[in-house]
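Below: one structure, written as structure tokens.
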Amino acid sequence: MAFPVPTRQDAYIVDFIPLASMDTVHHMLLFGCQTPVSTHSFCVQGTCEDEPAIMYAWARNAPPTKLPKDVGFKVGRSSGMSYFVLQIHYGDISPFIAGIYLLMSVDTVILPGKRVTDADVACDYTSYPIYPFAFRTHTHRLGKVVSGYRIRDGKWTLIGRQSPQLPQAFYPANKQVNVKYGDTLAARCVFTGEGKTSKTYIGGTSDDEMCNFYIMYYMDSRHAIPYMNCMEMGSEELFQHIPTEANVPIKV
Ligand code: IYT
Ligand code: CU
Ligand code: CU
């Protein structure tokens, strides 16, 4: 990016103060030009049309360079240098974007008096990799335990499991479980119809039920998708292989 030397007369550079970190910046070079490739103060490809005069170079968190007292680089019109051009080459920028993947059941019916009803949800994952770091479960009063899994090559790996009767916060997810294209995400909510005298459906009131498993994740910003959800039931065949822990109640 180019900056006009802010003077019609000659001027002198007497100090350099680099404001960068090697976490993101590989190097910075400061040139003087008579004719920059572009006069814009945003990044373009290229530095000077004429011969660039290098004035400063920085890399690897170098401390500021101090010029001796009474010493300066001459810039400005008569020096043949009317623009500063700062070249920044970026190194590892890799920022990540956080997002929420929500698995929810939309069609569960809990029969009155029936001891156990499983609400199962599963979807194929067909996007860029996500890295879950927290999970949250949500049901109303009839929920006993909610578990979420990644299925890869037929193997079920727990992302998180919690009682929805405990505070419904985001809890740390099982470490090192990433989700990538071709995996399946699955969740099971275990309900009981004991003590009920009528059917319970999914709905918004406290007499209704919900089955939610939220996954909080991060993913590479280049193809980040901040919200995704899954409302499919998943096949009976698939859920035959769910680990037995998914039906083990959690003491509250
Ligand atoms: C029918 C159901 O399960 N509702 C859930 C999940 C849900 C949340 C959001 C569905 C949609 C949403 O836009 I946000 I469509 C539900 O309402 N869960 C509550 C919400 O957070 C309020 C919960 O506490 O998890
Ligand atoms: Cu470099
Ligand atoms: Cu709810």
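Each chain in the structure tokens gets a letter, A, B, ..., in the order shown, and its residues are numbered from 1; ligands are numbered from 1 in order too.
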
Need the shell around stretch 54-71 of chain A: protein/DNA/RNA residues with any atom at most 10 Å away, counting only C-alpha atoms. Skip same-chain ones fewer than 6 positions apart. Format as a PyMOL selection string?
chain A and resi 12-23+25-33+84-89

Proximity of chain A to ligand 1: per-residue shortest pair, 7 Å limit, only C-alpha atoms and all ligand atoms, as JSON lines:
{"residue": "A:Met104", "atom": "CA", "partner": "ligand 1", "partner_atom_place_in_ligand_line": "3 (O)", "distance": 5.4}
{"residue": "A:Ser105", "atom": "CA", "partner": "ligand 1", "partner_atom_place_in_ligand_line": "3 (O)", "distance": 6.3}
{"residue": "A:Val106", "atom": "CA", "partner": "ligand 1", "partner_atom_place_in_ligand_line": "1 (C)", "distance": 6.2}
{"residue": "A:His138", "atom": "CA", "partner": "ligand 1", "partner_atom_place_in_ligand_line": "25 (O)", "distance": 5.0}
{"residue": "A:Ile202", "atom": "CA", "partner": "ligand 1", "partner_atom_place_in_ligand_line": "1 (C)", "distance": 6.2}
{"residue": "A:Gly203", "atom": "CA", "partner": "ligand 1", "partner_atom_place_in_ligand_line": "1 (C)", "distance": 5.6}
{"residue": "A:Gly204", "atom": "CA", "partner": "ligand 1", "partner_atom_place_in_ligand_line": "1 (C)", "distance": 6.4}
{"residue": "A:Met210", "atom": "CA", "partner": "ligand 1", "partner_atom_place_in_ligand_line": "3 (O)", "distance": 4.5}
{"residue": "A:Cys211", "atom": "CA", "partner": "ligand 1", "partner_atom_place_in_ligand_line": "3 (O)", "distance": 5.6}
{"residue": "A:Asn212", "atom": "CA", "partner": "ligand 1", "partner_atom_place_in_ligand_line": "3 (O)", "distance": 5.7}

Can I get the selection written as a short mmCIF file (atom, residue, chain, number, x, y, z; two decimals), in the first residue's frame, with C-alpha atoms?
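Below is the file out-v3.cif, written as the result:
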data_model
loop_
_atom_site.label_atom_id
_atom_site.label_comp_id
_atom_site.auth_asym_id
_atom_site.auth_seq_id
_atom_site.Cartn_x
_atom_site.Cartn_y
_atom_site.Cartn_z
CA MET A 104 -33.25 -31.34 17.35
CA SER A 105 -36.11 -33.77 17.20
CA VAL A 106 -39.33 -32.48 15.67
CA HIS A 138 -32.05 -29.11 26.32
CA ILE A 202 -42.56 -31.65 20.85
CA GLY A 203 -43.66 -28.09 21.46
CA GLY A 204 -43.05 -24.74 23.07
CA MET A 210 -37.97 -30.73 23.33
CA CYS A 211 -34.91 -32.73 22.38
CA ASN A 212 -31.91 -30.52 21.56
#

In terms of the shortest atom-to-atom distance over only C-alpha atoms, which of A:Met216, A:Ile151, A:Val44, A:Ala186 is closest to A:Ala119?
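Closest to A:Ala119 of all the choices is A:Ala186.
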
Find the residues near A:Gly46: any atom within 9 Å, counting only C-alpha atoms, skip ones fewer than 2 places away on the same chain, and give them as a list of chain:residue names.
A:Met1, A:Pro36, A:Val37, A:Ser38, A:Val44, A:Cys48, A:Glu49, A:Gln87

For A:Gly182, list every protein, DNA or RNA residue within 12 Å, evaluated using only C-alpha atoms, and leave out those in the same chain fewer than 5 positions away; present the list as a count of residues only.
12

Can you work out the spacing between atom CA of A:Asn229 and atom CA of A:Pro112 in Å, to one decimal?
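So the answer is 29.1 Å.
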
State, in Å with one decimal place, the distance from atom CA of A:His241 to atom CA of A:Lys114.
22.7 Å

I'd like to know which residues of stretch 31-215 of chain A are strand (DSSP E or B) (by DSSP, run on the backbone); could you write them as a PyMOL selection string?
chain A and resi 31-33+36+48+53-59+66+73-76+81+83-90+96-104+109-110+117-124+130-138+143-152+155-162+171-172+179+184-191+200-202+209+212-215

With only C-alpha atoms and all ligand atoms as the atoms that count, which of A:Gly143, A:Leu166, A:Pro249, A:Thr157 lies nearest to ligand 3?
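Nearest candidate to ligand 3 out of A:Gly143, A:Leu166, A:Pro249, A:Thr157: A:Gly143.
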
At a cut-off of 7 Å, using only C-alpha atoms, what residues contact A:Tyr214? Leave out same-chain residues fewer than 4 positions from it and give the result as a list in words.
Ile100, Tyr101, Leu102, Leu103, Phe135, Arg136 and Thr137 of chain A

Would you mind telling me which residue in A:Asp118, A:Glu245, A:Asp220, A:Glu209 lies nearest to ligand 3 when using only C-alpha atoms and all ligand atoms?
A:Glu209
